[in-house]
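**Student:** For reference, this is structure12.txt, and it has compact mmCIF, C-alpha atoms.
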```
# COMPACT_ATOMS: atom_id res chain seq x y z
CA MET A 632 0.00 0.00 0.00
CA PRO A 633 1.54 3.35 -1.07
CA ALA A 634 2.61 5.77 1.65
CA VAL A 635 0.48 8.84 2.25
CA ILE A 636 2.41 11.98 1.30
CA SER A 637 1.62 15.16 3.23
CA LYS A 638 1.12 18.42 1.39
CA PRO A 639 4.19 20.16 2.88
CA GLU A 640 6.35 17.21 1.84
CA ILE A 641 5.12 17.10 -1.74
CA GLU A 642 5.19 20.90 -1.95
CA THR A 643 8.85 20.98 -1.00
CA ARG A 644 9.70 18.22 -3.43
CA VAL A 645 7.80 19.65 -6.39
CA VAL A 646 8.99 23.25 -6.06
CA LYS A 647 12.59 22.10 -5.65
CA LYS A 648 12.37 19.82 -8.70
CA VAL A 649 10.74 22.45 -10.92
CA ALA A 650 13.14 25.18 -9.78
CA ARG A 651 16.19 23.04 -10.47
CA ARG A 652 15.01 22.24 -13.98
CA ILE A 653 13.68 25.64 -15.06
CA ILE A 654 15.53 28.46 -13.25
CA PRO A 655 19.16 27.73 -14.30
CA PHE A 656 18.20 27.26 -17.95
CA LEU A 657 16.04 30.37 -18.16
CA GLY A 658 18.69 32.31 -16.25
CA LEU A 659 21.31 31.31 -18.82
CA ALA A 660 18.99 32.39 -21.65
CA TYR A 661 18.40 35.75 -19.95
CA PHE A 662 22.16 36.17 -19.43
CA VAL A 663 22.70 35.88 -23.19
CA ASN A 664 19.65 38.02 -23.91
CA TYR A 665 20.79 40.99 -21.84
CA LEU A 666 24.38 40.67 -23.06
CA ASP A 667 23.28 40.90 -26.71
CA ARG A 668 21.04 43.86 -25.90
CA THR A 669 23.60 45.98 -24.04
CA ASN A 670 27.04 44.98 -25.35
CA ILE A 671 26.76 47.97 -27.70
CA GLY A 672 27.81 50.08 -24.69
CA LEU A 673 31.31 48.55 -24.74
CA ALA A 674 31.40 48.35 -28.54
CA LYS A 675 30.93 52.13 -28.54
CA LEU A 676 34.44 52.69 -27.16
CA THR A 677 35.96 51.79 -30.55
CA MET A 678 32.90 51.55 -32.84
CA SER A 679 32.04 55.27 -32.65
CA ASP A 680 35.22 56.35 -34.43
CA GLU A 681 34.85 53.72 -37.15
CA LEU A 682 31.19 54.55 -37.88
CA GLY A 683 31.42 58.28 -37.08
CA LEU A 684 28.93 58.27 -34.18
CA THR A 685 28.34 61.28 -31.93
CA GLU A 686 27.01 60.76 -28.38
CA THR A 687 23.49 61.57 -29.62
CA MET A 688 23.82 59.14 -32.54
CA PHE A 689 25.01 56.40 -30.20
CA GLY A 690 22.10 57.11 -27.84
CA LEU A 691 19.74 56.84 -30.80
CA ALA A 692 21.29 53.54 -31.93
CA SER A 693 20.98 52.15 -28.40
CA GLY A 694 17.40 53.29 -28.01
CA LEU A 695 16.09 52.26 -31.44
CA PHE A 696 16.18 48.67 -30.24
CA PHE A 697 13.10 49.46 -28.18
CA ILE A 698 11.01 50.77 -31.08
CA GLY A 699 10.62 47.32 -32.64
CA TYR A 700 10.60 45.73 -29.19
CA LEU A 701 7.63 47.78 -28.01
CA LEU A 702 5.57 47.42 -31.18
CA PHE A 703 5.75 43.62 -31.11
CA GLU A 704 5.79 42.98 -27.36
CA VAL A 705 2.06 42.38 -26.74
CA PRO A 706 1.46 40.35 -29.94
CA SER A 707 4.51 38.22 -29.15
CA ASN A 708 3.35 37.45 -25.61
CA LEU A 709 -0.14 36.56 -26.83
CA ALA A 710 1.46 34.26 -29.41
CA LEU A 711 3.41 32.57 -26.60
CA HIS A 712 0.18 32.03 -24.68
CA LYS A 713 -1.43 30.53 -27.80
CA PHE A 714 1.41 28.41 -29.24
CA GLY A 715 3.25 27.50 -26.02
CA ALA A 716 6.44 28.72 -24.39
CA ARG A 717 8.66 25.98 -25.77
CA ARG A 718 8.07 26.83 -29.43
CA TRP A 719 7.81 30.59 -29.07
CA ILE A 720 10.80 31.20 -26.79
CA ALA A 721 12.90 28.98 -29.09
CA ARG A 722 11.81 31.07 -32.09
CA ILE A 723 12.64 34.31 -30.30
CA MET A 724 16.13 33.18 -29.30
CA VAL A 725 17.15 31.92 -32.73
CA SER A 726 15.86 35.13 -34.36
CA TRP A 727 17.66 37.51 -32.03
CA GLY A 728 20.88 35.48 -32.21
CA ILE A 729 20.96 35.78 -36.00
CA VAL A 730 20.38 39.55 -35.87
CA ALA A 731 22.88 40.08 -33.03
CA ALA A 732 25.58 38.26 -34.97
CA ALA A 733 24.73 40.21 -38.15
CA MET A 734 25.60 43.47 -36.35
CA ALA A 735 29.24 42.47 -36.84
CA PHE A 736 28.94 43.47 -40.50
CA VAL A 737 27.24 46.91 -40.37
CA PRO A 738 29.01 49.32 -42.78
CA THR A 739 27.41 52.59 -41.66
CA ALA A 740 25.42 54.19 -38.83
CA GLY A 741 22.24 53.75 -40.88
CA TRP A 742 22.73 49.99 -41.03
CA LEU A 743 23.41 49.97 -37.29
CA TYR A 744 20.10 51.79 -36.69
CA GLY A 745 18.22 49.31 -38.86
CA LEU A 746 19.65 46.22 -37.20
CA ARG A 747 19.02 47.62 -33.71
CA ILE A 748 15.33 48.01 -34.64
CA LEU A 749 15.30 44.48 -36.08
CA LEU A 750 16.99 43.13 -32.94
CA GLY A 751 14.17 44.63 -30.87
CA ILE A 752 11.54 42.98 -33.07
CA ALA A 753 13.33 39.63 -32.79
CA GLU A 754 13.63 39.83 -28.97
CA ALA A 755 10.09 41.12 -28.36
CA GLY A 756 8.22 38.93 -25.93
CA PHE A 757 11.17 37.05 -24.43
CA PHE A 758 11.34 38.63 -20.97
CA PRO A 759 7.58 39.01 -20.35
CA GLY A 760 7.10 35.57 -21.89
CA VAL A 761 9.48 34.05 -19.35
CA LEU A 762 7.70 35.90 -16.52
CA LEU A 763 4.37 34.56 -17.76
CA TYR A 764 5.89 31.08 -18.05
CA MET A 765 7.04 31.21 -14.42
CA THR A 766 3.50 31.99 -13.23
CA MET A 767 2.48 28.73 -14.92
CA TRP A 768 4.95 26.73 -12.82
CA PHE A 769 5.44 28.34 -9.40
CA PRO A 770 2.93 29.07 -6.61
CA ARG A 771 2.77 32.73 -5.59
CA ALA A 772 4.57 32.33 -2.25
CA TYR A 773 7.74 31.24 -4.06
CA ARG A 774 7.81 33.64 -6.98
CA VAL A 775 9.80 36.61 -5.70
CA ARG A 776 12.78 34.58 -4.52
CA LEU A 777 12.77 32.37 -7.59
CA MET A 778 12.25 35.38 -9.85
CA GLY A 779 15.21 36.94 -8.06
CA LEU A 780 17.33 33.89 -8.89
CA PHE A 781 16.22 34.06 -12.53
CA MET A 782 16.83 37.82 -12.75
CA LEU A 783 20.24 37.36 -11.18
CA ALA A 784 21.27 36.74 -14.78
CA LEU A 785 20.80 40.47 -15.48
CA PRO A 786 23.53 41.91 -13.21
CA VAL A 787 25.69 38.81 -13.72
CA SER A 788 25.42 39.35 -17.49
CA SER A 789 26.88 42.83 -17.06
CA ALA A 790 29.37 41.81 -14.36
CA LEU A 791 30.82 39.00 -16.48
CA GLY A 792 29.87 40.38 -19.88
CA ALA A 793 31.67 43.70 -19.46
CA PRO A 794 35.17 42.24 -18.97
CA LEU A 795 34.45 39.46 -21.48
CA SER A 796 33.28 41.90 -24.17
CA SER A 797 36.15 44.31 -23.54
CA ALA A 798 38.67 41.44 -23.71
CA ILE A 799 37.25 40.30 -27.06
CA ILE A 800 37.43 43.85 -28.41
CA GLN A 801 41.02 44.32 -27.22
CA TYR A 802 42.59 40.92 -27.87
CA MET A 803 40.62 39.62 -30.86
CA ASP A 804 40.91 42.74 -32.98
CA GLY A 805 41.68 41.57 -36.52
CA LEU A 806 40.23 38.05 -36.12
CA PHE A 807 38.47 37.02 -39.37
CA GLY A 808 39.68 40.38 -40.72
CA LEU A 809 37.18 42.21 -38.46
CA SER A 810 37.56 45.00 -35.92
CA GLY A 811 37.43 43.89 -32.29
CA TRP A 812 33.90 45.24 -31.70
CA ARG A 813 32.67 43.38 -34.77
CA VAL A 814 34.19 40.12 -33.52
CA MET A 815 32.42 40.70 -30.19
CA PHE A 816 28.99 41.05 -31.84
CA LEU A 817 29.60 37.90 -33.90
CA LEU A 818 30.82 35.70 -31.04
CA GLU A 819 28.16 36.87 -28.58
CA GLY A 820 25.29 36.34 -31.03
CA ILE A 821 25.99 32.66 -31.68
CA PRO A 822 25.08 31.32 -28.17
CA ALA A 823 21.50 32.61 -28.51
CA ILE A 824 21.02 30.55 -31.67
CA LEU A 825 22.36 27.40 -30.00
CA LEU A 826 20.25 27.93 -26.86
CA GLY A 827 17.17 28.49 -29.00
CA VAL A 828 17.58 25.05 -30.55
CA VAL A 829 18.02 23.47 -27.11
CA THR A 830 14.93 25.30 -25.80
CA TRP A 831 12.71 23.54 -28.36
CA PHE A 832 13.55 20.17 -26.79
CA TYR A 833 14.14 21.16 -23.15
CA LEU A 834 11.20 23.29 -21.98
CA THR A 835 7.75 21.92 -21.14
CA ASP A 836 4.71 24.14 -21.66
CA ARG A 837 2.54 23.14 -18.70
CA PRO A 838 2.95 21.05 -15.51
CA PHE A 839 0.50 18.36 -16.66
CA GLN A 840 2.75 17.74 -19.72
CA ALA A 841 5.95 17.28 -17.69
CA LYS A 842 7.28 13.74 -18.11
CA TRP A 843 9.93 14.58 -15.51
CA LEU A 844 7.25 14.97 -12.79
CA THR A 845 5.39 12.03 -11.25
CA ALA A 846 1.61 11.79 -11.51
CA ASP A 847 1.04 12.99 -7.93
CA GLU A 848 3.49 15.88 -8.41
CA LYS A 849 1.72 17.02 -11.58
CA ALA A 850 -1.67 16.77 -9.90
CA TRP A 851 -0.58 18.75 -6.83
CA LEU A 852 1.08 21.56 -8.82
CA THR A 853 -1.79 21.92 -11.29
CA THR A 854 -4.38 22.01 -8.51
CA GLU A 855 -2.34 24.52 -6.47
CA LEU A 856 -1.92 26.96 -9.36
CA GLU A 857 -5.56 26.72 -10.42
CA SER A 858 -6.77 27.36 -6.87
CA GLU A 859 -4.57 30.47 -6.60
CA ASP A 860 -5.92 31.87 -9.87
CA ALA A 861 -9.48 31.32 -8.64
CA VAL A 862 -9.07 33.51 -5.54
CA LYS A 863 -7.19 36.53 -6.91
CA ASP A 864 -8.65 39.87 -5.87
CA GLY A 865 -10.10 41.84 -8.78
CA HIS A 866 -8.32 39.54 -11.19
CA ILE A 867 -8.19 39.91 -14.96
CA SER A 868 -8.23 36.48 -16.54
CA GLY A 869 -9.01 35.76 -20.16
CA SER A 870 -9.75 39.30 -21.29
CA VAL A 871 -7.06 41.16 -23.20
CA LYS A 872 -9.44 44.13 -23.47
CA ARG A 873 -9.82 44.33 -19.70
CA ALA A 874 -6.06 44.23 -19.25
CA LEU A 875 -5.68 47.13 -21.71
CA GLY A 876 -8.29 49.14 -19.80
CA ASP A 877 -7.04 48.51 -16.25
CA VAL A 878 -5.34 51.58 -14.74
CA ARG A 879 -3.20 49.37 -12.48
CA VAL A 880 -1.51 47.85 -15.53
CA TRP A 881 -0.54 51.26 -16.91
CA MET A 882 0.57 52.62 -13.54
CA LEU A 883 2.77 49.58 -13.02
CA GLY A 884 4.20 50.24 -16.48
CA LEU A 885 5.18 53.75 -15.35
CA VAL A 886 6.76 52.37 -12.17
CA TYR A 887 8.77 49.94 -14.28
CA PHE A 888 9.71 52.83 -16.60
CA GLY A 889 11.29 54.65 -13.66
CA ILE A 890 13.24 51.63 -12.42
CA THR A 891 14.55 50.62 -15.84
CA TYR A 892 15.44 54.23 -16.74
CA GLY A 893 18.18 53.89 -14.16
CA LEU A 894 19.09 50.42 -15.40
CA TYR A 895 19.55 51.38 -19.05
CA SER A 896 21.40 54.60 -18.25
CA LEU A 897 23.93 52.50 -16.36
CA SER A 898 24.10 49.71 -18.93
CA PHE A 899 24.64 51.91 -21.98
CA PHE A 900 26.69 54.80 -20.59
CA LEU A 901 28.70 53.46 -17.62
CA PRO A 902 31.57 52.35 -19.93
CA SER A 903 31.70 55.91 -21.30
CA ILE A 904 31.61 57.40 -17.80
CA VAL A 905 34.56 55.20 -16.74
CA ALA A 906 36.42 56.06 -19.94
CA GLY A 907 35.76 59.72 -19.08
CA PHE A 908 37.80 59.35 -15.88
CA LYS A 909 40.84 59.87 -18.12
CA GLN A 910 39.85 63.49 -18.70
CA THR A 911 38.31 64.15 -15.27
CA PHE A 912 40.82 62.41 -13.00
CA ASP A 913 43.82 61.93 -15.36
CA THR A 914 43.55 58.12 -15.34
CA ASP A 915 44.60 55.79 -18.14
CA PHE A 916 42.59 52.54 -18.17
CA SER A 917 42.85 49.90 -20.88
CA LEU A 918 39.71 48.44 -22.42
CA VAL A 919 39.95 45.35 -20.22
CA THR A 920 40.45 47.43 -17.05
CA THR A 921 37.48 49.58 -18.04
CA GLY A 922 35.39 46.41 -18.40
CA LEU A 923 36.47 45.19 -14.96
CA ILE A 924 35.57 48.51 -13.33
CA VAL A 925 32.17 48.52 -15.08
CA ALA A 926 31.56 45.01 -13.72
CA VAL A 927 31.83 46.04 -10.04
CA PRO A 928 28.40 47.74 -9.55
CA PHE A 929 26.66 44.85 -11.28
CA ALA A 930 28.46 42.21 -9.20
CA VAL A 931 27.49 43.94 -5.95
CA GLY A 932 23.95 44.42 -7.30
CA ALA A 933 23.70 40.69 -7.99
CA VAL A 934 24.43 39.78 -4.36
CA ALA A 935 22.06 42.44 -3.05
CA MET A 936 19.28 41.25 -5.39
CA VAL A 937 19.34 37.72 -3.99
CA LEU A 938 19.39 38.86 -0.35
CA TRP A 939 16.62 41.43 -0.86
CA SER A 940 14.38 38.95 -2.69
CA ARG A 941 14.76 36.48 0.14
CA HIS A 942 13.91 39.18 2.67
CA SER A 943 10.75 40.07 0.75
CA ASP A 944 9.63 36.43 0.70
CA ARG A 945 10.50 35.98 4.37
CA THR A 946 8.47 39.03 5.48
CA GLY A 947 5.72 38.71 2.85
CA GLU A 948 5.97 42.47 2.17
CA ARG A 949 6.20 43.71 -1.44
CA THR A 950 5.43 47.40 -2.00
CA TRP A 951 8.11 48.84 0.30
CA HIS A 952 10.58 46.29 -1.03
CA VAL A 953 10.15 48.04 -4.38
CA ALA A 954 9.89 51.64 -3.11
CA ILE A 955 12.86 51.72 -0.71
CA PRO A 956 15.61 50.46 -3.08
CA THR A 957 14.23 52.61 -5.91
CA LEU A 958 14.42 55.66 -3.63
CA ILE A 959 18.02 54.78 -2.71
CA GLY A 960 18.87 54.52 -6.41
CA ALA A 961 17.15 57.83 -7.18
CA ILE A 962 19.10 59.69 -4.50
CA SER A 963 22.51 58.16 -5.17
CA ILE A 964 22.90 58.43 -8.95
CA PRO A 965 22.82 62.24 -9.46
CA PHE A 966 25.69 62.65 -7.02
CA ALA A 967 27.96 60.13 -8.76
CA LEU A 968 29.69 62.70 -10.96
CA TYR A 969 30.13 65.22 -8.15
CA MET A 970 32.56 62.89 -6.38
CA ASP A 971 36.25 63.81 -6.25
CA SER A 972 37.80 60.49 -7.29
CA PRO A 973 37.09 57.43 -9.44
CA PHE A 974 36.67 55.38 -6.26
CA THR A 975 33.96 57.56 -4.68
CA THR A 976 32.23 57.96 -8.05
CA MET A 977 32.00 54.19 -8.40
CA ILE A 978 30.65 53.88 -4.84
CA ALA A 979 27.74 56.17 -5.77
CA VAL A 980 27.15 54.26 -9.01
CA THR A 981 27.26 50.94 -7.13
CA VAL A 982 24.65 52.14 -4.61
CA ASN A 983 22.41 53.06 -7.55
CA ALA A 984 22.91 49.61 -9.11
CA VAL A 985 22.00 47.97 -5.81
CA GLY A 986 18.78 49.99 -5.68
CA VAL A 987 17.79 49.09 -9.24
CA PHE A 988 18.52 45.38 -8.96
CA CYS A 989 16.85 44.97 -5.57
CA ALA A 990 13.64 46.54 -6.86
CA LEU A 991 13.31 44.52 -10.07
CA PRO A 992 12.38 40.97 -8.92
CA VAL A 993 9.98 42.18 -6.22
CA PHE A 994 8.32 44.52 -8.72
CA TRP A 995 7.43 41.61 -11.00
CA TYR A 996 5.50 39.94 -8.21
CA LEU A 997 2.94 42.78 -8.24
CA PRO A 998 1.25 42.06 -11.63
CA SER A 999 0.67 38.43 -10.66
CA THR A 1000 -1.62 39.55 -7.83
CA PHE A 1001 -4.42 40.40 -10.27
CA LEU A 1002 -3.49 39.06 -13.73
CA THR A 1003 -4.17 35.51 -15.00
CA GLY A 1004 -4.56 33.69 -18.31
CA ALA A 1005 -4.60 35.73 -21.54
CA GLY A 1006 -5.11 38.82 -19.40
CA ALA A 1007 -1.74 38.09 -17.79
CA ALA A 1008 -0.12 37.61 -21.21
CA ALA A 1009 -1.39 41.01 -22.35
CA GLY A 1010 -0.97 42.81 -19.02
CA ILE A 1011 2.61 41.70 -18.39
CA ALA A 1012 3.54 42.59 -21.97
CA ILE A 1013 1.94 46.05 -21.60
CA ILE A 1014 3.80 46.71 -18.34
CA ASN A 1015 7.07 45.58 -19.90
CA SER A 1016 6.39 47.66 -23.03
CA VAL A 1017 5.59 50.86 -21.17
CA GLY A 1018 8.54 50.33 -18.86
CA ASN A 1019 10.97 49.64 -21.65
CA THR A 1020 10.21 52.90 -23.43
CA SER A 1021 12.90 54.01 -20.98
CA GLY A 1022 15.25 51.92 -23.07
CA PHE A 1023 14.76 54.45 -25.86
CA GLY A 1024 14.45 57.55 -23.69
CA ALA A 1025 17.32 56.92 -21.28
CA PRO A 1026 20.19 56.47 -23.77
CA TYR A 1027 18.87 59.10 -26.19
CA VAL A 1028 18.23 61.79 -23.56
CA THR A 1029 21.47 60.97 -21.72
CA GLY A 1030 23.46 61.10 -24.98
CA TRP A 1031 21.79 64.34 -26.09
CA LEU A 1032 22.48 66.02 -22.74
CA LEU A 1033 26.07 64.75 -22.86
CA ASP A 1034 26.55 66.38 -26.28
CA ALA A 1035 24.72 69.56 -25.22
CA THR A 1036 26.48 70.12 -21.88
CA GLY A 1037 29.80 68.35 -22.35
CA ASN A 1038 29.34 66.19 -19.23
CA ALA A 1039 26.98 63.54 -17.86
CA LYS A 1040 25.73 65.43 -14.80
CA ALA A 1041 22.47 66.72 -16.30
CA GLY A 1042 21.59 63.28 -17.65
CA LEU A 1043 22.08 61.65 -14.27
CA TRP A 1044 19.90 64.23 -12.52
CA VAL A 1045 17.15 63.24 -14.98
CA VAL A 1046 17.74 59.58 -14.04
CA GLY A 1047 17.25 60.43 -10.36
CA GLY A 1048 14.06 62.38 -11.04
CA VAL A 1049 12.49 59.62 -13.12
CA MET A 1050 13.30 56.99 -10.49
CA LEU A 1051 11.76 59.23 -7.81
CA MET A 1052 8.54 59.29 -9.87
CA ALA A 1053 8.49 55.49 -9.72
CA VAL A 1054 8.74 55.60 -5.92
CA VAL A 1055 5.73 57.89 -5.65
CA LEU A 1056 3.64 55.79 -8.04
CA VAL A 1057 4.30 52.44 -6.37
CA ILE A 1058 3.29 53.91 -3.00
CA VAL A 1059 0.10 55.32 -4.55
CA LEU A 1060 -0.64 51.86 -5.98
CA ARG A 1061 -0.30 50.23 -2.58
CA GLY A 1062 -3.58 48.61 -1.58
CA ARG A 1063 -5.07 48.74 -5.10
CA MET A 1064 -3.63 45.41 -6.27
CA GLY A 1065 -4.70 43.02 -3.53
CA VAL A 1066 -1.11 42.73 -2.25
CA ARG A 1067 -1.16 41.36 1.28
CA SER A 1068 1.52 40.03 3.57
CA GLU A 1069 1.77 36.28 3.22
CA THR A 1070 2.63 33.45 5.55
CA ASN A 1071 6.37 32.96 5.74
CA THR A 1072 7.45 30.18 3.42
CA GLU A 1073 10.87 28.66 3.22
CA VAL A 1074 11.68 28.17 -0.45
CA PRO A 1075 13.28 24.77 -0.95
CA VAL A 1076 15.83 25.57 -3.64
CA ALA A 1077 19.24 23.97 -3.63
CA HIS A 1078 22.17 26.35 -3.89
```
For this file, produce the structure as structure tokens.
**Tutor:**
Amino acid sequence: MPAVISKPEIETRVVKKVARRIIPFLGLAYFVNYLDRTNIGLAKLTMSDELGLTETMFGLASGLFFIGYLLFEVPSNLALHKFGARRWIARIMVSWGIVAAAMAFVPTAGWLYGLRILLGIAEAGFFPGVLLYMTMWFPRAYRVRLMGLFMLALPVSSALGAPLSSAIIQYMDGLFGLSGWRVMFLLEGIPAILLGVVTWFYLTDRPFQAKWLTADEKAWLTTELESEDAVKDGHISGSVKRALGDVRVWMLGLVYFGITYGLYSLSFFLPSIVAGFKQTFDTDFSLVTTGLIVAVPFAVGAVAMVLWSRHSDRTGERTWHVAIPTLIGAISIPFALYMDSPFTTMIAVTVNAVGVFCALPVFWYLPSTFLTGAGAAAGIAIINSVGNTSGFGAPYVTGWLLDATGNAKAGLWVVGGVMLMAVVLVIVLRGRMGVRSETNTEVPVAH
């Protein structure tokens, strides 16, 4: 006679098994995704002279990615909901890998603009699609910490990607007859194609289809997720129209805009700020040293993200776990360029990075409190789309102000102001999304 398995025992076993299978793989995919999106910041250090780019032109090239990205974000996420994550995420990854590698061969700024737009179209739907996919596999009590582990790929991508990209540019210059920045685009685009092929065979769309779960594990997980969806406060389920008309969705998009405005300003312009130390503080850093310095804020942010996510899950509190780090980031970044040494400047930048990365995983818990089904597919895509307009605004405005004023101070004051707006909005939203403190739950994930 089979042994009776208690709910806590099966819960621990199932969440651990699902997390081990899904989180590392999706984290690796996100690592490559963010690297291909932002490596243009390091390419700029040598690419600008070859293509004749001003600061404004570079800001435009960086931001144009988000034009195609935003236009196709909602349709792409709805397609994922219809066709399944396995097929659609695989398609996205292969497409963006091909375009990312093709950037190695751009002859002019115009071609660079065009491929950045095409890269955005190819990538559209990946990040919100993964977030939607995670809601199909993890009960709510576990999502912030597990989302934090998945999103750890973002700062790690910059922490490891910055020295890797700079080393390729410096030491592989001339390989295949290409400039170093061109070799970097080529080599860093290929992994996305390979991972896309693996995704087709590795991911499973829904728990009931998972051959790697036992029958009782599939039954428990399916029942748990369905029961959570049934009791959401003021939830939006199958209606895309209702998601489009819900003010909470658009307000969350503006909150995300403020947080990611700080993220993209750092990602695209931090290499230039460090390179600018040569003029400001009479330093002389090589490309590799510049990459290592750029990596520091992201490495510290990665550690802080994990600890802050765990604290949010342990206390069950969400809103202030978004507002407080965003406020810290808003206050710290404008003062970065008023410091009197490279060391103190990087301390201020690192504090800002910590604020941004701590806020991100907890923020993405908030939409799941009232969005389910096709409504979740549309709502999450809308929030991500509105938020990622900062990806166009931040580099363009920062680059324009850099050209107009001759320094980055004005641009960073704008970053602080936009992040402060996000703090105000998330506090206003408190209580309107059904976010309540939850029972403490130890998340059984092996480290």
**Student:** If you count only C-alpha atoms, which residues fall within 7 Å of region 1023-1034 of chain A, apart from same-chain ones fewer than 5 positions away, as a PyMOL selection string?
**Tutor:** chain A and resi 686-687+690-691+693-695+697+892+895-896+899+1039+1041-1042
**Student:** Could you tell me how far CA of Leu673 (chain A) lies from CA of Glu819 (chain A), in Å and to one decimal?
**Tutor:**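 Computing the Euclidean distance for CA of Leu673 (chain A) and CA of Glu819 (chain A) yields 12.7 Å.
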**Student:** Using all atoms listed in the file, which of A:Met767, A:Leu856, A:Val919, A:Leu666 sits nearest Tyr802 (chain A)?
**Tutor:**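 The closest residue to Tyr802 (chain A) is A:Val919.
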**Student:** Which of these residues is nearest to Leu809 (chain A), using all atoms listed in the file: A:Leu894, A:Leu702, A:Val737, A:Leu938?
**Tutor:** A:Val737
**Student:** Write out as an MDAnalysis selection string which residues come within 8 Å of Glu754 (chain A) when counting all atoms listed in the file, dropping same-chain ones fewer than 2 positions away.
**Tutor:** chainID A and resid 700 723:724 726:727 750:752 756:757
**Student:** Limited to C-alpha atoms, could you put the picked residues into a file as a PDB file, in the coordinates of the input?
**Tutor:**
```
ATOM      1  CA  TYR A 700      10.600  45.730 -29.190  1.00  0.00           C
ATOM      2  CA  ILE A 723      12.640  34.310 -30.300  1.00  0.00           C
ATOM      3  CA  MET A 724      16.130  33.180 -29.300  1.00  0.00           C
ATOM      4  CA  SER A 726      15.860  35.130 -34.360  1.00  0.00           C
ATOM      5  CA  TRP A 727      17.660  37.510 -32.030  1.00  0.00           C
ATOM      6  CA  LEU A 750      16.990  43.130 -32.940  1.00  0.00           C
ATOM      7  CA  GLY A 751      14.170  44.630 -30.870  1.00  0.00           C
ATOM      8  CA  ILE A 752      11.540  42.980 -33.070  1.00  0.00           C
ATOM      9  CA  GLY A 756       8.220  38.930 -25.930  1.00  0.00           C
ATOM     10  CA  PHE A 757      11.170  37.050 -24.430  1.00  0.00           C
TER      11      PHE A 757
END
```
**Student:** Under the rule that all atoms listed in the file are counted, which of A:Val982, A:Val993, A:Ala906, A:Val878 is the nearest residue to Leu1056 (chain A)?
**Tutor:**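 Using all atoms listed in the file, Leu1056 (chain A) sits closest to A:Val878.
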**Student:** When you look at region 835-845 of chain A with a cut-off of 10 Å (counting all atoms listed in the file), what residues show up, excluding the ones that are within fewer than 3 positions of it in the same chain? I need them as a PyMOL selection string.
**Tutor:** chain A and resi 645+648-649+652-653+711-712+714-718+764+767-769+830-832+848-853+856
**Student:** Please compute the CA of Met1052 (chain A)-CA of Ile1011 (chain A) distance, one decimal, in Å.
**Tutor:**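 Interatomic distance, CA of Met1052 (chain A) to CA of Ile1011 (chain A): 20.4 Å.
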**Student:** Show me, as a PyMOL selection string, the residues that have an atom within 7 Å of Ile1014 (chain A) when counting all atoms listed in the file, minus same-chain residues fewer than 2 positions from it.
**Tutor:** chain A and resi 880-881+883-884+1010-1012+1016-1018
**Student:** For the atom pair CA of His952 (chain A) and CA of Gly876 (chain A), what is the interatomic distance in Å to one decimal place?
**Tutor:** 26.8 Å
**Student:** From the list A:Leu763, A:Ala793, A:Val730, A:Val934, which residue is nearest Ser898 (chain A) when using all atoms listed in the file?
**Tutor:**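 Closest to Ser898 (chain A) of all the choices is A:Ala793.
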**Student:** Would you list the contacts of Tyr996 (chain A) as a PyMOL selection string, taking every protein, DNA or RNA residue within 12 Å and counting all atoms listed in the file, but skipping same-chain residues closer than 2 positions in sequence?
**Tutor:** chain A and resi 762-763+765-766+769-779+883+940+943-944+947-950+952-953+990-994+998-1002+1011+1064-1067
**Student:** Residues of the last selection are to be written out with C-alpha atoms, as a compact mmCIF listing (two decimals), in the coordinates of the input.
**Tutor:**
```txt
# COMPACT_ATOMS: atom_id res chain seq x y z
CA LEU A 762 7.70 35.90 -16.52
CA LEU A 763 4.37 34.56 -17.76
CA MET A 765 7.04 31.21 -14.42
CA THR A 766 3.50 31.99 -13.23
CA PHE A 769 5.44 28.34 -9.40
CA PRO A 770 2.93 29.07 -6.61
CA ARG A 771 2.77 32.73 -5.59
CA ALA A 772 4.57 32.33 -2.25
CA TYR A 773 7.74 31.24 -4.06
CA ARG A 774 7.81 33.64 -6.98
CA VAL A 775 9.80 36.61 -5.70
CA ARG A 776 12.78 34.58 -4.52
CA LEU A 777 12.77 32.37 -7.59
CA MET A 778 12.25 35.38 -9.85
CA GLY A 779 15.21 36.94 -8.06
CA LEU A 883 2.77 49.58 -13.02
CA SER A 940 14.38 38.95 -2.69
CA SER A 943 10.75 40.07 0.75
CA ASP A 944 9.63 36.43 0.70
CA GLY A 947 5.72 38.71 2.85
CA GLU A 948 5.97 42.47 2.17
CA ARG A 949 6.20 43.71 -1.44
CA THR A 950 5.43 47.40 -2.00
CA HIS A 952 10.58 46.29 -1.03
CA VAL A 953 10.15 48.04 -4.38
CA ALA A 990 13.64 46.54 -6.86
CA LEU A 991 13.31 44.52 -10.07
CA PRO A 992 12.38 40.97 -8.92
CA VAL A 993 9.98 42.18 -6.22
CA PHE A 994 8.32 44.52 -8.72
CA PRO A 998 1.25 42.06 -11.63
CA SER A 999 0.67 38.43 -10.66
CA THR A 1000 -1.62 39.55 -7.83
CA PHE A 1001 -4.42 40.40 -10.27
CA LEU A 1002 -3.49 39.06 -13.73
CA ILE A 1011 2.61 41.70 -18.39
CA MET A 1064 -3.63 45.41 -6.27
CA GLY A 1065 -4.70 43.02 -3.53
CA VAL A 1066 -1.11 42.73 -2.25
CA ARG A 1067 -1.16 41.36 1.28
```
**Student:** So which residues fall inside 7 Å of (26.0, 60.8, -11.0) if we count only C-alpha atoms? Mind giving them as a list in words?
**Tutor:**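 Within 7 Å of (26.0, 60.8, -11.0), the protein and nucleic acid residues are Ile964, Pro965, Phe966, Ala967, Leu968, Tyr969, Val980, Lys1040 and Leu1043 of chain A.
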